[in-house]
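Q: Quick one: structure below, then a few questions.
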Amino acid sequence: MPIHNSDVANIFNQVADLLDIEGANIFRIRAYRDAARTVKGLSKRVEDMVKEKEDLQELPGIGKDLAKKIEEIVETGSLEFLEEIKKRTNPELAKMLSISGLGPKKVSKINKELEVEKLEQLQEAAEKHKIQELEGFGKKSEEKILKALKTKKEEAPRSKLISAEEIAEPLFEYLEDDENVDKIAFAGSYRRHKETVGDLDILVTSENPKEVMEHFTSYEDVEDIQAKGKTKSTVILRSGFQVDLRVVEKESYGAALIYFTGSKAHNIKLRNLALDKDLKINEYGVFKNDEDKIAGKTEEEIYDIFDMPYIEPELREDRGEVEAAREGKLPKLLTLADMRGDLQAHSTNSDGHNSLQEMAEAAKEKGYEYLAMTDHSQSVRVANGLDEKRLGKEIDEINKLNEKIKDIRILKSIEVDILKDGSLDLDDSILKKLDFVLCAIHSYFNLSLEDQTNRILKAMDNKYFNILAHPTGRKIGDRKPYDLDMEKIMEAAKEKNCILEIDAHPVRLDINDHYAKMAKDMGVKISISTDAHAKNELAYMKYGVWQARRGWLEKDDVINTRSWNGLKKIFKR
DNA sequence: GCCGTTTTCGGCCCGACTGTTTTCAGTCG
């Protein structure tokens, strides 16, 4: 059974939760949480690193002990240390930590004094009003617990970026309309354009914070007000989304923006830099001798104090951006305006909703120089995939359209299936008539790591293979990526001049940011395409660009920032 | 449990809000 990085991270997080309830040293607990984050964020499979005897202690936050524990997990699939803790402390207790207002101390108290082990027992105790009798608890805490338990079942996990956007944009406009609001910006993972968003953070400057809080909490979509203070309020919207609003003075705007944009790891890095310089940094500014404020108004002036240029929010994950900034080696990130065309789109000829012509005209309106039509191939029957004959007809159709429509070139392509044995779903005799070939997996997702990897490697041997579409097959919150050795695939792609795609569809965003950076580091080129099945979906490009930015990609790393002439050279294998 | 250009021991990011207290611990981000 392959051990995924997330398996190791889950085990470490479980250890941390249980140690927390046991009241262990908080820095020891933090070490486990940090290690979980480090392992989860690796672009390499930690299983491979162990097998190849790489030194795990090189990783940040991994020392002798944790390196050994990682090896144990990879080799046995479990961790003896965790099993020992589970004997002392019921792992069910960890579930209570997810209830808002209950932290390790309170969970421990409820457990010890009321012998509560499970969520059901917690509910029972609260209903019998046993909780409010405990020292440190009261009526309100008990009500909060009951309420949280009730809504817990329907509680949404992290939302896809596009769903967050639907909720965020109207709220932003509503706040912007308030005359007491001066500056306003999103912060948090939403500003960092993470593929999923847990809650929304909004930052405002104002002379009248009280009025702003009043305006915010009376937004018509607010279902529950969790906290309402002078400078900070938290509400839950009807959709279940949590929104935090923070008001600061304009002199602190930059400091607060950095603070609330995060990530937490990036902020901790900055704070440590500050400590090295005998400075203090918080959401109000940078301070010397604990008193004198030396920066805070803009993000730029704060980064400047630490001898760094401005760091784009997408990079603020403590994945080396601080070091790169200090060495003057930050990437000049790709922008949406750099994109000159879209290399994956579908028409009514397979499973799209618009005709070739409608798609082409929509792309032209976006100012693109080209749009590739990549309908499905025959084996994807549910998508009405094309066989050689129907693809031949589509080629003729596109040739005619290209004569008819000016100022945009429709590229002839296909999203050809990679069959189980690694062969392509259509004959070379038709593939060679296309401008380029996009290849993808749509079946047999459950092959072993080795078989799935070899399947793609074999497909890449076909000289018409240009782009690997949605390489890992994951759908956010819906389908896990199939087991693949991405390092091997990238090595092969590099050797054979194949391209990896970032599918910009907000459900896919595949490859993810980690793999995008890995591709860049390995010298593998990327295409960003929307996988549009309707003309309005061509607008999904921005999600792909954001993901690419999170993967440190620059204009030159992405092939469809080039003209058609430039592309042609790349597609020649 | 990790880490080190003063350190192999003794630190480890910082502040707001709530609910419980009556000056603060716990939680959260």
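If you're wondering about the labels, chains in the structure tokens are A, B, ... by order shown, residues count from 1 in each chain, ligands from 1 in order shown.
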Identify, with DSSP run on backbone atoms, the residues in stretch 340-520 of chain A assigned to strand (DSSP E or B), and express the list as a PyMOL selection string.
A: chain A and resi 341-342+345+370-373+376-377+386+409-412+415-418+424+438-440+467-468+475+479+499-503+510
Q: Can you pull out the residues contacting A:Val116? Cut-off 10 Å, using only C-alpha atoms (C1' of nucleotides), and skip same-chain residues under 6 positions away; I want them as a PyMOL selection string.
A: chain A and resi 92-93+107-110+122-125
Q: Near chain B, which residues of chain A fall within 8 Å when you count only C-alpha atoms (C1' of nucleotides), and what do they look like as a PyMOL selection string?
A: chain A and resi 27-29+31-32+61-63+65-66+101-103+105-106+136-138+140-141+227-229+232+268+271-272+282
Q: Quote the spacing between atom CA of A:Val46 and atom CA of A:Leu449 in Å to one decimal place.
A: 14.3 Å
Q: I need the residues in stretch 322-439 of chain A that are helix (DSSP H, G or I) according to DSSP; give them as a short mmCIF file (atom, residue, chain, number, x, y, z; two decimals) with N, CA and C atoms, in the first residue's frame.
A:
data_model
loop_
_atom_site.label_atom_id
_atom_site.label_comp_id
_atom_site.auth_asym_id
_atom_site.auth_seq_id
_atom_site.Cartn_x
_atom_site.Cartn_y
_atom_site.Cartn_z
N VAL A 322 10.77 33.94 1.18
CA VAL A 322 11.48 34.93 1.97
C VAL A 322 12.97 34.90 1.61
N GLU A 323 13.51 33.69 1.54
CA GLU A 323 14.92 33.55 1.18
C GLU A 323 15.16 34.09 -0.24
N ALA A 324 14.26 33.73 -1.16
CA ALA A 324 14.41 34.20 -2.55
C ALA A 324 14.35 35.72 -2.61
N ALA A 325 13.45 36.29 -1.83
CA ALA A 325 13.30 37.75 -1.84
C ALA A 325 14.58 38.43 -1.35
N ARG A 326 15.16 37.86 -0.32
CA ARG A 326 16.37 38.47 0.24
C ARG A 326 17.56 38.32 -0.69
N LEU A 336 -2.62 37.32 -15.99
CA LEU A 336 -3.68 36.93 -16.92
C LEU A 336 -3.46 37.58 -18.29
N ALA A 337 -2.93 38.81 -18.26
CA ALA A 337 -2.73 39.54 -19.51
C ALA A 337 -1.67 38.88 -20.40
N ASP A 338 -0.82 38.02 -19.81
CA ASP A 338 0.21 37.34 -20.60
C ASP A 338 -0.38 36.24 -21.49
N LEU A 356 -18.41 25.10 -32.65
CA LEU A 356 -17.03 25.54 -32.89
C LEU A 356 -16.99 27.03 -33.14
N GLN A 357 -17.91 27.51 -33.96
CA GLN A 357 -17.92 28.93 -34.32
C GLN A 357 -18.20 29.81 -33.09
N GLU A 358 -19.17 29.41 -32.29
CA GLU A 358 -19.50 30.21 -31.10
C GLU A 358 -18.30 30.27 -30.15
N MET A 359 -17.63 29.14 -29.99
CA MET A 359 -16.46 29.10 -29.11
C MET A 359 -15.36 30.02 -29.66
N ALA A 360 -15.15 29.95 -30.98
CA ALA A 360 -14.09 30.75 -31.61
C ALA A 360 -14.39 32.24 -31.45
N GLU A 361 -15.64 32.62 -31.65
CA GLU A 361 -15.98 34.04 -31.54
C GLU A 361 -15.85 34.54 -30.10
N ALA A 362 -16.18 33.68 -29.15
CA ALA A 362 -16.04 34.06 -27.74
C ALA A 362 -14.56 34.26 -27.40
N ALA A 363 -13.71 33.39 -27.94
CA ALA A 363 -12.27 33.50 -27.68
C ALA A 363 -11.70 34.77 -28.32
N LYS A 364 -12.22 35.07 -29.51
CA LYS A 364 -11.78 36.27 -30.22
C LYS A 364 -12.14 37.52 -29.40
N GLU A 365 -13.33 37.49 -28.83
CA GLU A 365 -13.76 38.62 -28.01
C GLU A 365 -12.85 38.82 -26.80
N ARG A 381 -17.33 7.45 -24.36
CA ARG A 381 -18.65 7.40 -25.00
C ARG A 381 -19.65 8.35 -24.37
N VAL A 382 -19.58 8.48 -23.03
CA VAL A 382 -20.53 9.38 -22.36
C VAL A 382 -20.38 10.82 -22.84
N ALA A 383 -19.20 11.14 -23.36
CA ALA A 383 -18.97 12.50 -23.82
C ALA A 383 -19.12 12.60 -25.34
N GLU A 388 -12.11 8.48 -35.79
CA GLU A 388 -11.26 9.08 -36.82
C GLU A 388 -12.08 9.84 -37.87
N LYS A 389 -13.22 9.21 -38.23
CA LYS A 389 -14.03 9.81 -39.30
C LYS A 389 -14.63 11.15 -38.86
N ARG A 390 -15.18 11.16 -37.65
CA ARG A 390 -15.81 12.40 -37.18
C ARG A 390 -14.76 13.48 -36.89
N LEU A 391 -13.57 13.05 -36.45
CA LEU A 391 -12.51 14.03 -36.24
C LEU A 391 -12.08 14.63 -37.58
N GLY A 392 -12.04 13.78 -38.61
CA GLY A 392 -11.72 14.25 -39.96
C GLY A 392 -12.69 15.36 -40.37
N LYS A 393 -13.97 15.14 -40.07
CA LYS A 393 -14.98 16.15 -40.41
C LYS A 393 -14.74 17.44 -39.62
N GLU A 394 -14.36 17.28 -38.34
CA GLU A 394 -14.12 18.48 -37.52
C GLU A 394 -12.93 19.27 -38.08
N ILE A 395 -11.92 18.53 -38.54
CA ILE A 395 -10.76 19.22 -39.13
C ILE A 395 -11.20 20.07 -40.33
N ASP A 396 -12.04 19.46 -41.20
CA ASP A 396 -12.54 20.22 -42.36
C ASP A 396 -13.32 21.45 -41.92
N GLU A 397 -14.15 21.23 -40.90
CA GLU A 397 -14.98 22.32 -40.39
C GLU A 397 -14.12 23.49 -39.89
N ILE A 398 -13.05 23.13 -39.16
CA ILE A 398 -12.17 24.17 -38.61
C ILE A 398 -11.43 24.89 -39.73
N ASN A 399 -10.98 24.13 -40.75
CA ASN A 399 -10.30 24.78 -41.87
C ASN A 399 -11.18 25.85 -42.50
N LYS A 400 -12.47 25.50 -42.66
CA LYS A 400 -13.40 26.46 -43.27
C LYS A 400 -13.61 27.67 -42.35
N LEU A 401 -13.75 27.38 -41.06
CA LEU A 401 -13.97 28.47 -40.10
C LEU A 401 -12.79 29.43 -40.08
N ASN A 402 -11.59 28.87 -40.18
CA ASN A 402 -10.40 29.71 -40.15
C ASN A 402 -10.35 30.66 -41.34
N GLU A 403 -10.97 30.26 -42.44
CA GLU A 403 -11.02 31.17 -43.59
C GLU A 403 -12.06 32.25 -43.35
N LYS A 404 -13.10 31.87 -42.62
CA LYS A 404 -14.25 32.76 -42.43
C LYS A 404 -14.00 33.79 -41.32
N ASP A 428 -2.44 7.16 -35.39
CA ASP A 428 -1.46 8.19 -35.73
C ASP A 428 -1.80 8.89 -37.04
N SER A 429 -2.43 8.14 -37.97
CA SER A 429 -2.70 8.72 -39.29
C SER A 429 -3.61 9.93 -39.20
N ILE A 430 -4.45 9.98 -38.19
CA ILE A 430 -5.30 11.18 -38.03
C ILE A 430 -4.65 12.18 -37.08
N LEU A 431 -3.92 11.68 -36.06
CA LEU A 431 -3.27 12.59 -35.11
C LEU A 431 -2.29 13.52 -35.82
#
Q: For stretch 523-530 of chain A, list every protein, DNA or RNA residue within 10 Å, evaluated using only C-alpha atoms (C1' of nucleotides), and leave out those in the same chain fewer than 3 positions away; present the list as a ChimeraX atom specification.
A: /A:339,341-346,371-372,467-470,490-495,497-506,508-511,516-520,533,537-545,547-548,553,556-561,570
Q: Determine, counting only C-alpha atoms (C1' of nucleotides), which protein, DNA and RNA residues have an atom within 12 Å of an atom of A:Lys277; residues of the same chain fewer than 4 positions away are not included. Present the result as JSON, numbers by chain.
A: {"A": [270, 271, 272, 273, 281, 286, 287, 288, 289, 305, 306, 307]}
Q: Go through A:Lys264, A:His514, A:Ser100, A:Ser233 and flag the residue nearest A:Asp34, using only C-alpha atoms for the distances.
A: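 For A:Asp34, the nearest of the given residues is A:Lys264.
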Q: I need the residue nearest A:Val212 from this list: A:Val247, A:Val416, A:Ile85, A:Ile70. Use only C-alpha atoms for the distance.
A: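 Looking at the shortest contact to A:Val212, the residue is A:Val247.
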Q: Fewer than 6 positions away in the same chain doesn't count, so skip those; otherwise give me all residues within 12 Å of A:Asn565, counting only C-alpha atoms (C1' of nucleotides), as an NGL selection string.
A: :A and (340 or 369-370 or 409 or 435 or 559 or 571-572)
Q: Using only C-alpha atoms, which residue out of A:Glu22, A:Leu275, A:Lys194, A:Ser43 lies closest to A:Asn111?
A: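 Of A:Glu22, A:Leu275, A:Lys194, A:Ser43, the one nearest A:Asn111 is A:Glu22, counting only C-alpha atoms.
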Q: Excluding same-chain residues fewer than 4 positions from A:Lys496, what lies within 10 Å of it counting only C-alpha atoms (C1' of nucleotides), as number ranges by chain?
A: A: 460-463, 465-466, 490-492, 573
Q: Just the selected residues (C-alpha atoms), exported as a short mmCIF file (atom, residue, chain, number, x, y, z; two decimals), in the first residue's frame, please.
A:
data_model
loop_
_atom_site.label_atom_id
_atom_site.label_comp_id
_atom_site.auth_asym_id
_atom_site.auth_seq_id
_atom_site.Cartn_x
_atom_site.Cartn_y
_atom_site.Cartn_z
CA MET A 460 4.50 9.79 -24.10
CA ASP A 461 6.53 7.54 -26.36
CA ASN A 462 4.06 8.36 -29.12
CA LYS A 463 5.66 11.21 -31.03
CA PHE A 465 1.85 13.31 -27.69
CA ASN A 466 2.20 17.02 -26.86
CA MET A 490 8.18 15.06 -15.28
CA GLU A 491 11.57 13.56 -16.08
CA ALA A 492 10.04 11.90 -19.13
CA ARG A 573 9.03 16.79 -31.12
#
Q: Atom CA of A:Glu554 and atom CA of A:Ala185, how far apart in Å?
A: 25.2 Å
Q: Quick check, in Å to one decimal: how far apart do atom CA of A:Tyr284 and atom CA of A:Gly328 lie?
A: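 Result for atom CA of A:Tyr284 versus atom CA of A:Gly328: 26.6 Å, one decimal.
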